[in-house]
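Coordinates from protein.cif are shown below (mmCIF, C-alpha atoms).
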data_model
loop_
_atom_site.label_atom_id
_atom_site.label_comp_id
_atom_site.auth_asym_id
_atom_site.auth_seq_id
_atom_site.Cartn_x
_atom_site.Cartn_y
_atom_site.Cartn_z
CA MET A 265 68.89 -28.22 18.21
CA GLU A 266 70.94 -30.70 16.19
CA CYS A 267 69.58 -33.51 14.01
CA ARG A 268 70.90 -36.22 16.33
CA ALA A 269 69.07 -34.82 19.36
CA VAL A 270 65.88 -34.39 17.33
CA ILE A 271 66.00 -37.93 15.96
CA ASN A 272 66.52 -39.36 19.45
CA SER A 273 63.43 -37.50 20.66
CA LEU A 274 61.18 -38.19 17.68
CA SER A 275 59.30 -41.13 19.19
CA ASP A 276 58.62 -39.21 22.38
CA TYR A 277 57.55 -36.28 20.23
CA LEU A 278 55.16 -38.47 18.25
CA ASP A 279 53.73 -40.38 21.22
CA SER A 280 52.90 -37.71 23.71
CA GLN A 281 54.39 -34.35 23.09
CA ASN A 282 53.32 -32.82 26.36
CA PHE A 283 54.07 -35.78 28.57
CA TRP A 284 57.51 -37.24 27.88
CA ILE A 285 59.22 -34.08 26.70
CA SER A 286 58.91 -30.52 27.90
CA ASP A 287 57.02 -27.78 26.07
CA ASP A 288 60.30 -26.03 25.49
CA GLU A 289 61.78 -29.14 23.83
CA VAL A 290 58.68 -29.54 21.67
CA LYS A 291 59.09 -25.96 20.45
CA GLN A 292 62.75 -26.60 19.63
CA ILE A 293 61.88 -29.75 17.68
CA ASP A 294 59.09 -27.92 15.83
CA THR A 295 61.55 -25.22 14.81
CA HIS A 296 64.12 -27.79 13.68
CA LEU A 297 61.58 -29.75 11.65
CA THR A 298 60.45 -26.60 9.85
CA ASN A 299 64.01 -25.97 8.73
CA CYS A 300 65.19 -29.58 8.16
CA PRO A 301 63.28 -31.53 5.47
CA ALA A 302 65.23 -34.75 6.18
CA CYS A 303 64.22 -34.78 9.85
CA GLN A 304 60.68 -33.81 8.86
CA ASN A 305 60.57 -36.78 6.46
CA LEU A 306 61.89 -39.11 9.14
CA LYS A 307 59.27 -37.86 11.58
CA ASP A 308 56.51 -38.41 8.99
CA GLU A 309 57.80 -41.86 8.25
CA LEU A 310 57.93 -42.92 11.88
CA GLY A 311 54.44 -41.48 12.26
CA GLU A 312 53.22 -43.62 9.38
CA ILE A 313 54.72 -46.73 10.94
CA LYS A 314 53.03 -45.90 14.22
CA THR A 315 49.67 -45.36 12.50
CA ALA A 316 49.96 -48.44 10.28
CA ALA A 317 50.79 -50.57 13.32
CA ARG A 318 47.26 -50.02 14.64
CA GLU A 319 45.73 -51.15 11.37
CA LEU A 320 47.65 -54.32 10.66
CA PRO A 321 45.72 -57.17 9.06
CA LEU A 322 44.57 -59.97 11.33
CA HIS A 323 45.87 -63.48 10.76
CA THR A 324 43.61 -66.52 10.78
CA PRO A 325 44.74 -69.65 12.62
CA PRO A 326 44.07 -73.14 11.21
CA ARG A 327 40.44 -74.26 11.47
CA ALA A 328 41.39 -77.25 13.63
CA MET A 329 42.43 -74.96 16.48
CA TRP A 330 38.96 -74.75 17.99
CA THR A 331 38.53 -78.54 17.85
CA LYS A 332 41.77 -79.01 19.75
CA ILE A 333 40.80 -76.42 22.36
CA ALA A 334 37.30 -77.88 22.78
CA ASN A 335 38.72 -81.40 23.17
CA VAL A 336 41.05 -80.33 25.97
CA ILE A 337 38.33 -78.38 27.79
CA GLU A 338 35.76 -81.16 27.48
CA ALA A 339 38.27 -83.69 28.80
CA GLU A 340 38.92 -81.42 31.77
CA ILE A 341 35.20 -81.04 32.45
CA SER A 342 34.71 -84.83 32.31
CA ALA A 343 37.62 -85.38 34.69
CA GLU A 344 36.15 -82.85 37.13
CA ASN A 345 32.75 -84.53 37.04
CA ALA A 346 34.16 -88.01 37.54
CA PRO A 347 33.83 -89.42 41.10
CA PRO A 348 36.97 -88.82 43.20
CA HIS A 349 39.44 -91.68 43.59
CA GLN A 350 43.14 -92.50 44.08
CA PRO A 351 43.93 -91.22 47.58
CA LYS A 352 47.58 -90.27 48.14
CA ASN A 353 48.49 -92.43 51.14
CA ALA A 354 47.17 -94.98 53.57
CA SER A 355 46.12 -92.58 56.31
CA GLY A 356 44.55 -90.29 53.72
CA TRP A 357 42.80 -93.30 52.25
CA TRP A 358 41.01 -94.05 55.48
CA GLY A 359 40.21 -90.39 55.99
CA TRP A 360 38.77 -90.32 52.52
CA LEU A 361 36.97 -93.62 53.05
CA ARG A 362 35.34 -92.38 56.25
CA SER A 363 34.37 -89.10 54.68
CA ARG A 364 32.61 -90.71 51.73
CA LYS A 365 28.89 -90.78 52.13
CA PHE A 366 26.12 -92.10 50.01
CA THR A 367 23.70 -89.46 48.98
CA PHE A 368 20.16 -90.37 48.10
CA SER A 369 17.43 -88.27 46.63
CA LEU A 370 14.08 -88.02 48.42
CA PRO A 371 12.37 -90.59 46.16
CA GLN A 372 15.29 -92.93 46.75
CA LEU A 373 15.03 -92.45 50.51
CA ALA A 374 11.32 -93.09 50.33
CA ALA A 375 11.96 -96.19 48.28
CA GLY A 376 14.65 -97.25 50.74
CA GLY A 377 12.19 -96.80 53.60
CA ALA A 378 9.69 -98.93 51.73
CA VAL A 379 12.33 -101.58 51.24
CA ALA A 380 13.24 -101.49 54.92
CA ALA A 381 9.55 -101.87 55.81
CA ALA A 382 9.28 -104.68 53.30
CA LEU A 383 12.32 -106.37 54.82
CA ILE A 384 10.83 -106.11 58.33
CA ILE A 385 7.58 -107.58 57.07
CA ALA A 386 9.51 -110.23 55.20
CA GLY A 387 11.46 -110.95 58.36
CA ILE A 388 8.30 -111.28 60.42
CA SER A 389 6.68 -113.44 57.80
CA GLY A 390 9.93 -115.37 57.62
CA ILE A 391 9.59 -116.17 61.29
CA LEU A 392 6.05 -117.32 60.66
CA SER A 393 6.94 -119.03 57.43
CA PRO A 394 10.73 -119.56 57.36
CA HIS A 395 10.98 -120.82 53.79
CA SER A 396 9.13 -118.48 51.45
CA GLY A 397 10.39 -114.99 52.59
CA ALA A 398 14.05 -115.92 52.88
CA LEU A 399 13.90 -117.59 49.50
CA ASP A 400 12.49 -114.45 47.83
CA PHE A 401 15.21 -112.32 49.39
CA GLN A 402 17.95 -114.66 48.20
CA LYS A 403 16.45 -114.63 44.74
CA ALA A 404 16.47 -110.86 44.75
CA GLN A 405 20.10 -110.85 45.87
CA SER A 406 21.29 -113.22 43.21
CA ALA A 407 19.20 -111.83 40.34
CA LEU A 408 21.06 -109.89 37.69
CA LEU A 409 19.37 -106.57 37.22
CA LEU A 410 21.90 -104.66 35.14
CA PRO A 411 23.03 -105.82 31.69
CA GLU A 412 26.68 -105.60 32.68
CA GLU A 413 26.21 -106.90 36.22
CA ARG A 414 27.51 -110.43 35.65
CA GLU A 415 30.79 -109.09 34.34
CA ILE A 416 31.12 -106.66 37.24
CA LYS A 417 30.35 -109.33 39.80
CA VAL A 418 32.90 -111.75 38.35
CA GLU A 419 35.57 -109.08 38.48
CA LEU A 420 34.74 -107.95 42.02
CA ASP A 421 34.47 -111.52 43.31
CA ARG A 422 37.91 -112.30 41.90
CA ARG A 423 39.35 -109.27 43.63
CA MET A 424 37.59 -110.08 46.89
CA ASP A 425 38.88 -113.66 46.82
CA ALA A 426 42.45 -112.44 46.42
CA LEU A 427 41.90 -109.99 49.25
CA ASN A 428 40.26 -112.50 51.59
CA ALA A 429 43.42 -114.58 51.49
CA ARG A 430 45.40 -111.64 52.93
CA LYS A 431 42.77 -110.12 55.17
CA ALA A 432 43.73 -112.21 58.18
CA THR A 433 47.10 -110.42 58.31
CA TRP A 434 45.58 -106.92 58.44
CA ASP A 435 45.40 -104.72 61.47
CA PRO A 436 42.08 -105.70 63.17
CA GLN A 437 40.77 -102.14 63.27
CA ARG A 438 41.57 -101.61 59.61
CA ARG A 439 39.88 -104.90 58.74
CA ALA A 440 36.80 -104.00 60.74
CA GLU A 441 36.48 -100.66 59.01
CA PHE A 442 36.94 -102.23 55.60
CA GLU A 443 34.31 -104.88 56.25
CA GLN A 444 31.90 -102.38 57.70
CA ARG A 445 32.23 -100.25 54.60
CA MET A 446 31.81 -103.16 52.21
CA ASN A 447 28.79 -104.41 54.14
CA LYS A 448 27.15 -101.03 53.87
CA ILE A 449 27.65 -101.03 50.13
CA ASP A 450 26.25 -104.56 49.88
CA GLU A 451 23.22 -103.55 51.94
CA SER A 452 22.56 -100.62 49.66
CA LEU A 453 23.01 -102.85 46.62
CA ASN A 454 20.48 -105.31 47.98
CA GLN A 455 17.99 -102.53 48.59
CA CYS A 456 18.36 -101.40 45.00
CA ARG A 457 17.96 -104.97 43.80
CA HIS A 458 14.71 -105.34 45.66
CA ILE A 459 13.29 -102.21 44.14
CA LEU A 460 14.52 -103.11 40.66
CA LYS A 461 13.06 -106.58 40.98
CA ASP A 462 9.61 -104.99 41.13
CA ASN A 463 10.41 -102.27 38.65
CA PRO A 464 13.33 -103.27 36.39
CA GLN A 465 13.12 -100.01 34.42
CA ASP A 466 13.69 -97.77 37.44
CA ALA A 467 16.53 -95.65 36.01
CA ASP A 468 17.35 -93.97 39.33
CA HIS A 469 18.07 -97.26 41.06
CA GLN A 470 19.95 -98.63 38.10
CA LYS A 471 22.15 -95.56 38.30
CA GLU A 472 22.50 -95.98 42.04
CA MET A 473 23.57 -99.59 41.59
CA ARG A 474 26.21 -98.64 39.09
CA TYR A 475 27.48 -95.97 41.44
CA LEU A 476 27.69 -98.49 44.27
CA TYR A 477 29.65 -100.93 42.11
CA VAL A 478 32.06 -98.17 41.16
CA GLU A 479 32.42 -97.34 44.86
CA LYS A 480 33.15 -100.95 45.66
CA ARG A 481 35.65 -101.29 42.87
CA GLN A 482 37.46 -98.15 43.94
CA ILE A 483 37.84 -99.40 47.50
CA LEU A 484 39.24 -102.70 46.26
CA GLU A 485 41.60 -100.95 43.87
CA ASP A 486 42.89 -98.74 46.66
CA VAL A 487 43.47 -101.68 48.95
CA GLU A 488 45.33 -103.50 46.19
CA ARG A 489 47.40 -100.45 45.34
CA LEU A 490 48.35 -99.93 48.95
CA LYS A 491 49.31 -103.61 49.20
CA TRP A 492 47.52 -104.29 52.49
CA MET B 211 23.19 -66.88 33.14
CA THR B 212 23.09 -69.46 30.42
CA ILE B 213 22.28 -69.09 26.80
CA ASP B 214 20.23 -72.21 26.56
CA GLY B 215 17.05 -73.31 28.26
CA THR B 216 16.09 -70.36 30.43
CA ASN B 217 17.54 -67.75 28.10
CA ASN B 218 16.67 -67.92 24.45
CA ALA B 219 19.06 -65.17 23.37
CA ALA B 220 21.33 -66.15 20.49
CA PRO B 221 24.97 -66.26 21.60
CA ASN B 222 25.93 -63.66 19.02
CA SER B 223 23.54 -61.12 20.52
CA LEU B 224 25.12 -61.39 23.97
CA SER B 225 27.90 -59.18 25.27
CA ASP B 226 31.35 -60.55 26.03
CA TYR B 227 30.57 -60.23 29.73
CA GLU B 228 27.35 -62.25 29.42
CA LEU B 229 29.13 -64.87 27.35
CA ALA B 230 31.94 -65.00 29.90
CA GLN B 231 29.43 -65.63 32.69
CA ALA B 232 27.73 -68.37 30.70
CA SER B 233 31.11 -69.93 29.88
CA ALA B 234 32.02 -69.91 33.56
CA GLN B 235 28.94 -72.13 34.09
CA GLY B 236 30.37 -74.60 31.57
CA ASP B 237 28.38 -73.40 28.56
CA MET B 238 30.57 -74.45 25.63
CA LYS B 239 28.38 -72.73 23.05
CA ALA B 240 28.97 -69.41 24.80
CA PHE B 241 32.68 -70.07 24.97
CA GLU B 242 32.76 -70.98 21.30
CA THR B 243 31.17 -67.61 20.53
CA ILE B 244 33.89 -65.88 22.55
CA TYR B 245 36.44 -67.87 20.58
CA GLU B 246 34.84 -66.89 17.28
CA ARG B 247 34.94 -63.23 18.27
CA HIS B 248 38.50 -63.10 19.49
CA HIS B 249 40.57 -65.96 18.09
CA ARG B 250 42.03 -64.04 15.16
CA ARG B 251 43.17 -61.19 17.35
CA VAL B 252 44.68 -63.53 19.95
CA TYR B 253 46.41 -65.61 17.29
CA SER B 254 47.70 -62.49 15.51
CA LEU B 255 49.08 -61.12 18.76
CA CYS B 256 50.85 -64.42 19.50
CA LEU B 257 52.15 -64.59 15.94
CA ARG B 258 53.52 -61.05 16.04
CA MET B 259 55.21 -61.64 19.36
CA VAL B 260 56.86 -64.98 18.51
CA ALA B 261 57.16 -64.61 14.70
CA ASN B 262 56.53 -68.33 14.20
CA ALA B 263 53.20 -69.77 13.02
CA THR B 264 53.42 -73.16 14.76
CA GLU B 265 54.49 -71.64 18.05
CA ALA B 266 51.78 -68.99 17.73
CA GLU B 267 49.13 -71.65 17.18
CA ASP B 268 50.24 -73.60 20.24
CA LEU B 269 50.29 -70.45 22.34
CA ALA B 270 46.87 -69.26 21.13
CA GLN B 271 45.43 -72.67 21.99
CA GLU B 272 46.93 -72.53 25.47
CA VAL B 273 45.59 -69.01 25.92
CA PHE B 274 42.02 -70.12 25.19
CA ILE B 275 42.30 -73.13 27.47
CA GLN B 276 43.64 -70.89 30.22
CA LEU B 277 40.89 -68.39 29.41
CA PHE B 278 38.24 -71.05 29.98
CA ARG B 279 39.76 -71.92 33.35
CA LYS B 280 39.95 -68.30 34.43
CA ILE B 281 36.86 -66.88 32.79
CA GLY B 282 34.87 -66.92 36.02
CA SER B 283 37.28 -64.35 37.45
CA PHE B 284 36.35 -61.80 34.78
CA ARG B 285 34.17 -59.30 36.62
CA GLY B 286 33.55 -56.89 33.78
CA GLU B 287 35.55 -54.14 35.46
CA SER B 288 37.58 -53.63 32.29
CA ALA B 289 36.81 -54.36 28.65
CA PHE B 290 36.92 -58.07 27.93
CA THR B 291 39.29 -57.46 25.02
CA THR B 292 41.75 -55.64 27.28
CA TRP B 293 41.55 -58.44 29.83
CA LEU B 294 42.03 -61.12 27.19
CA HIS B 295 44.93 -59.32 25.57
CA ARG B 296 46.63 -58.92 28.90
CA LEU B 297 46.16 -62.63 29.53
CA THR B 298 47.62 -63.40 26.10
CA VAL B 299 50.62 -61.12 26.55
CA ASN B 300 51.37 -62.58 29.97
CA HIS B 301 51.15 -66.09 28.56
CA VAL B 302 53.55 -65.31 25.71
CA LEU B 303 55.98 -63.55 28.06
CA MET B 304 55.87 -66.59 30.36
CA HIS B 305 56.65 -68.71 27.30
CA PHE B 306 59.64 -66.46 26.55
CA ARG B 307 60.90 -66.84 30.10
CA LYS B 308 60.54 -70.64 30.00
CA ARG B 309 62.27 -70.79 26.65
CA GLY B 310 64.99 -68.45 27.81
CA VAL B 311 64.32 -65.78 25.20
CA ARG B 312 66.43 -62.77 26.12
CA LEU B 313 65.01 -59.40 25.37
CA GLU B 314 67.70 -57.00 24.20
CA LYS B 315 69.16 -54.88 26.95
CA THR B 316 69.50 -51.27 25.97
CA THR B 317 70.17 -48.23 28.04
CA GLU B 318 67.76 -45.35 28.00
CA GLU B 319 70.31 -43.32 26.07
CA GLY B 320 71.24 -46.07 23.62
CA GLU B 321 72.67 -44.86 20.32
CA ILE B 322 70.78 -45.56 17.13
CA GLY B 323 73.46 -45.62 14.46
CA GLU B 324 74.67 -43.13 11.88
CA ILE B 325 72.38 -40.12 11.68
CA GLN B 326 73.38 -39.38 8.11
CA ASP B 327 72.08 -42.81 6.97
CA TYR B 328 68.68 -42.22 8.52
CA LEU B 329 68.38 -38.79 7.01
CA GLN B 330 69.41 -40.02 3.56
CA ALA B 331 67.02 -42.96 3.73
CA ALA B 332 64.27 -40.66 4.94
CA ALA B 333 64.69 -38.51 1.89
CA GLU B 334 64.05 -41.58 -0.31
CA ARG B 335 61.18 -42.93 1.75
CA PRO B 336 58.13 -44.58 0.17
CA ARG B 337 55.03 -42.44 0.17
CA PHE B 338 53.07 -44.70 2.48
CA VAL B 339 53.71 -47.73 4.66
CA ASP B 340 52.52 -50.99 3.13
CA ARG B 341 50.81 -52.84 5.99
CA LEU B 342 51.77 -56.27 4.74
CA ALA B 343 55.38 -55.18 4.39
CA LEU B 344 55.24 -53.73 7.89
CA ASP B 345 53.82 -56.99 9.22
CA LYS B 346 56.70 -58.89 7.65
CA ALA B 347 59.25 -56.35 8.88
CA ILE B 348 57.95 -56.73 12.45
CA SER B 349 58.71 -60.45 12.27
CA GLU B 350 62.31 -59.58 11.37
CA LEU B 351 62.87 -57.41 14.42
CA PRO B 352 65.00 -58.78 17.26
CA PRO B 353 62.69 -60.27 19.99
CA GLY B 354 63.09 -57.41 22.46
CA TYR B 355 62.34 -54.65 19.98
CA ARG B 356 59.52 -56.69 18.51
CA THR B 357 57.89 -57.27 21.88
CA VAL B 358 57.92 -53.62 22.86
CA PHE B 359 56.74 -52.50 19.43
CA VAL B 360 53.87 -55.03 19.37
CA LEU B 361 52.79 -54.16 22.90
CA HIS B 362 52.96 -50.39 22.48
CA ASP B 363 52.24 -49.61 18.85
CA VAL B 364 50.15 -52.62 17.78
CA GLU B 365 48.28 -53.41 21.00
CA GLY B 366 48.20 -49.90 22.41
CA PHE B 367 49.65 -50.52 25.88
CA GLU B 368 51.23 -47.51 27.58
CA HIS B 369 54.95 -47.45 28.39
CA GLU B 370 54.23 -47.90 32.10
CA GLU B 371 52.27 -51.06 31.34
CA VAL B 372 54.90 -52.39 28.95
CA ALA B 373 57.64 -51.70 31.47
CA ASP B 374 55.62 -53.44 34.18
CA MET B 375 54.96 -56.51 32.02
CA LEU B 376 58.56 -56.83 30.89
CA GLY B 377 60.14 -55.93 34.21
CA VAL B 378 62.13 -53.05 32.73
CA SER B 379 62.16 -49.30 33.32
CA VAL B 380 59.87 -46.94 31.43
CA GLY B 381 62.97 -45.38 29.91
CA THR B 382 64.09 -48.73 28.52
CA SER B 383 60.64 -49.36 27.08
CA LYS B 384 60.71 -45.97 25.35
CA SER B 385 64.23 -46.47 24.08
CA GLN B 386 63.45 -49.92 22.67
CA LEU B 387 60.32 -48.65 21.00
CA HIS B 388 62.22 -45.86 19.30
CA LYS B 389 64.89 -48.29 18.11
CA ALA B 390 62.23 -50.70 16.90
CA ARG B 391 60.57 -47.98 14.83
CA MET B 392 63.91 -46.87 13.41
CA ARG B 393 64.79 -50.44 12.56
CA LEU B 394 61.41 -50.99 10.92
CA ARG B 395 61.89 -47.90 8.84
CA GLU B 396 65.25 -49.28 7.83
CA LEU B 397 63.74 -52.68 6.93
CA LEU B 398 60.92 -51.05 4.97
CA THR B 399 63.16 -48.71 3.02
CA ARG B 400 65.71 -51.47 2.41
CA THR B 401 63.19 -53.48 0.42
CA GLU B 402 62.28 -50.44 -1.65
CA PRO B 403 65.68 -49.76 -3.32
CA LYS B 404 65.97 -53.49 -4.15
CA THR B 405 62.76 -53.30 -6.13
CA LYS B 406 63.94 -50.17 -7.88
CA LYS B 407 67.25 -51.87 -8.59
CA ALA B 408 65.51 -54.91 -10.05
CA GLU B 409 63.30 -52.72 -12.20
CA SER B 410 66.28 -50.75 -13.50
CA LYS B 411 68.10 -54.03 -14.29
CA LYS B 412 65.11 -55.23 -16.25
CA GLY B 413 65.12 -51.91 -18.09
CA THR B 414 68.79 -52.31 -18.94
CA LYS B 415 68.22 -55.77 -20.38
CA LYS B 416 65.57 -54.40 -22.59
#
Before anything else, please render the file you have as structure tokens.
Amino acid sequence: MECRAVINSLSDYLDSQNFWISDDEVKQIDTHLTNCPACQNLKDELGEIKTAARELPLHTPPRAMWTKIANVIEAEISAENAPPHQPKNASGWWGWLRSRKFTFSLPQLAAGGAVAAALIIAGISGILSPHSGALDFQKAQSALLLPEEREIKVELDRRMDALNARKATWDPQRRAEFEQRMNKIDESLNQCRHILKDNPQDADHQKEMRYLYVEKRQILEDVERLKW
Amino acid sequence: MTIDGTNNAAPNSLSDYELAQASAQGDMKAFETIYERHHRRVYSLCLRMVANATEAEDLAQEVFIQLFRKIGSFRGESAFTTWLHRLTVNHVLMHFRKRGVRLEKTTEEGEIGEIQDYLQAAAERPRFVDRLALDKAISELPPGYRTVFVLHDVEGFEHEEVADMLGVSVGTSKSQLHKARMRLRELLTRTEPKTKKAESKKGTKK
């Protein structure tokens, strides 16, 4: 076997003698290496490179790398946890709007039931005494129960005013659905207000109120974006 | 499982699989432990494949972000390290494709230069391979040779796997590996005579 043929087969010889090259070829290379110190040296050298390659030192990236990775991941997690918004088109918007449901925990439902009962009682008492009950309810509606509520209300009222000017031109069915949805949110807001009026520190209902305001704002933003 | 609250085990005492499961539940502490265990290896792999520190840093970052997104799909059927390295290699190869890096095309029977030169150089070879010099020499290899060498000799992938990842034949993978080793030997022995030359010059001046 000549040097050229041996050199061309050296990597195969080093990697897996019995797999890539035949036993006969291995024997021929062995014989050649015994008689050719230069090829033997080359084989040893390639073997050293192969061995050293598995023991190369590890490099250390800059310390800031983890911070950058963590920032990206945390931003992604926050985005995933944020409530959905920005539907793609008008038909999808209504589909999305219809599909959105308010979810209440059991204590909230119980509280809601209590409010409903209270409202019925207030209504009955209102019939008997038209001034006092209605006045309490209005007070509850107008009271500011969240620190940021005034600001939110000003913003939403401004948006609603702009929208009311255009609403007459909307498709009647679309308008009815919009108003129905907004009324439901307002009803839920009023229920929360009633509960918070008695217990201003009720964190669950404060949270619920904030969620409802976000819901309302998103609907208004979508309507504005779609230029109804 | 999580590593906080219900499970008091310290992250460092958990296996990669347990940490992966906790990470899939959004446990950042667990994921940070995975990062601590593997970031140097991932970064080194990226660095050896692209031979550029800034690019390697960007790629390693992307690998860990992708890892977090995909970590729930790790089922523990293979070693986590193998899985992560495969993910890293695929990411770097994708980067090569996007950037239009062309891996050298060689035939399975490609020639490797003048035999006499190799034999002469082999006779003058250093007694052992300096790992730092080898690391530097790898960065000087053409991209195609470098990729195959890093995947096969550094990372320990088999030729079938390398060929599959690169979309080449097993023969091409073997041929490129052999040429990469021969080129590395050339690069390593080339630096040696220079040193000897410099030393002899110094001696002459004296």
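The spacing separating CA of Val336 in chain A from CA of Leu255 in chain B amounts to 22.0 Å.
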Query raised in the report: Please, what distance in Å, to one decimal, runs between CA of Val299 in chain B and CA of Ala334 in chain A?
Result: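 Here the two named atoms are 21.7 Å from each other.
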Requested in this report: Please write as a list of chain:residue names the full residue list that the PyMOL selection byres ((chain B and resi 339-351) around 6) yields on this file.
Outcome: A:Leu320, B:Ala261, B:Phe338, B:Pro352, B:Arg356
Query raised in the report: Once the PyMOL selection byres ((chain B and resi 219-228) around 12) has been applied to the shown file, what residues remain in the selection, as a PyMOL selection string?
Result: chain B and resi 211-218+229-235+237-248+281-294
Take the residues from that selection and write them out as a compact mmCIF listing (two decimals), keeping the file's coordinate frame, keeping C-alpha atoms.
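again.txt written:
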# COMPACT_ATOMS: atom_id res chain seq x y z
CA MET B 211 23.19 -66.88 33.14
CA THR B 212 23.09 -69.46 30.42
CA ILE B 213 22.28 -69.09 26.80
CA ASP B 214 20.23 -72.21 26.56
CA GLY B 215 17.05 -73.31 28.26
CA THR B 216 16.09 -70.36 30.43
CA ASN B 217 17.54 -67.75 28.10
CA ASN B 218 16.67 -67.92 24.45
CA LEU B 229 29.13 -64.87 27.35
CA ALA B 230 31.94 -65.00 29.90
CA GLN B 231 29.43 -65.63 32.69
CA ALA B 232 27.73 -68.37 30.70
CA SER B 233 31.11 -69.93 29.88
CA ALA B 234 32.02 -69.91 33.56
CA GLN B 235 28.94 -72.13 34.09
CA ASP B 237 28.38 -73.40 28.56
CA MET B 238 30.57 -74.45 25.63
CA LYS B 239 28.38 -72.73 23.05
CA ALA B 240 28.97 -69.41 24.80
CA PHE B 241 32.68 -70.07 24.97
CA GLU B 242 32.76 -70.98 21.30
CA THR B 243 31.17 -67.61 20.53
CA ILE B 244 33.89 -65.88 22.55
CA TYR B 245 36.44 -67.87 20.58
CA GLU B 246 34.84 -66.89 17.28
CA ARG B 247 34.94 -63.23 18.27
CA HIS B 248 38.50 -63.10 19.49
CA ILE B 281 36.86 -66.88 32.79
CA GLY B 282 34.87 -66.92 36.02
CA SER B 283 37.28 -64.35 37.45
CA PHE B 284 36.35 -61.80 34.78
CA ARG B 285 34.17 -59.30 36.62
CA GLY B 286 33.55 -56.89 33.78
CA GLU B 287 35.55 -54.14 35.46
CA SER B 288 37.58 -53.63 32.29
CA ALA B 289 36.81 -54.36 28.65
CA PHE B 290 36.92 -58.07 27.93
CA THR B 291 39.29 -57.46 25.02
CA THR B 292 41.75 -55.64 27.28
CA TRP B 293 41.55 -58.44 29.83
CA LEU B 294 42.03 -61.12 27.19
On this structure, which residues satisfy the PyMOL selection byres ((chain A) within 7 of (chain B)), written as an mmCIF file with C-alpha atoms, in the frame of the given file?
data_model
loop_
_atom_site.group_PDB
_atom_site.id
_atom_site.type_symbol
_atom_site.label_atom_id
_atom_site.label_comp_id
_atom_site.auth_asym_id
_atom_site.auth_seq_id
_atom_site.Cartn_x
_atom_site.Cartn_y
_atom_site.Cartn_z
ATOM 1 C CA ARG A 268 70.900 -36.220 16.330
ATOM 2 C CA SER A 275 59.300 -41.130 19.190
ATOM 3 C CA ALA A 302 65.230 -34.750 6.180
ATOM 4 C CA CYS A 303 64.220 -34.780 9.850
ATOM 5 C CA ASN A 305 60.570 -36.780 6.460
ATOM 6 C CA LEU A 306 61.890 -39.110 9.140
ATOM 7 C CA LEU A 310 57.930 -42.920 11.880
ATOM 8 C CA GLU A 312 53.220 -43.620 9.380
ATOM 9 C CA ILE A 313 54.720 -46.730 10.940
ATOM 10 C CA LYS A 314 53.030 -45.900 14.220
ATOM 11 C CA ALA A 316 49.960 -48.440 10.280
ATOM 12 C CA ALA A 317 50.790 -50.570 13.320
ATOM 13 C CA ARG A 318 47.260 -50.020 14.640
ATOM 14 C CA LEU A 320 47.650 -54.320 10.660
ATOM 15 C CA LEU A 322 44.570 -59.970 11.330
ATOM 16 C CA HIS A 323 45.870 -63.480 10.760
ATOM 17 C CA THR A 324 43.610 -66.520 10.780
ATOM 18 C CA PRO A 325 44.740 -69.650 12.620
ATOM 19 C CA MET A 329 42.430 -74.960 16.480
ATOM 20 C CA ILE A 333 40.800 -76.420 22.360
ATOM 21 C CA ILE A 337 38.330 -78.380 27.790
#
Query raised in the report: Interatomic distance between CA of Ala346 in chain A and CA of Leu484 in chain A?
Result: 17.8 Å
Query raised in the report: Which residue out of A:Arg474, A:Lys291, A:Arg438, A:Arg430 has the minimum interatomic distance to Glu413 in chain A when only C-alpha atoms are used?
Result: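 The shortest atom-to-atom distance to Glu413 in chain A comes from A:Arg474.
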Report summary line: Arg481 in chain A proximity check over A:Met446, A:Lys431, A:Asp288, A:Thr331, using only C-alpha atoms: winner is A:Met446
Query raised in the report: From the set A:Leu453, A:Tyr477, A:His469, A:Glu289, which residue has the shortest atom-to-atom contact distance to Val418 in chain A, counting all atoms listed in the file?
Result: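 Looking at the shortest contact to Val418 in chain A, the residue is A:Tyr477.
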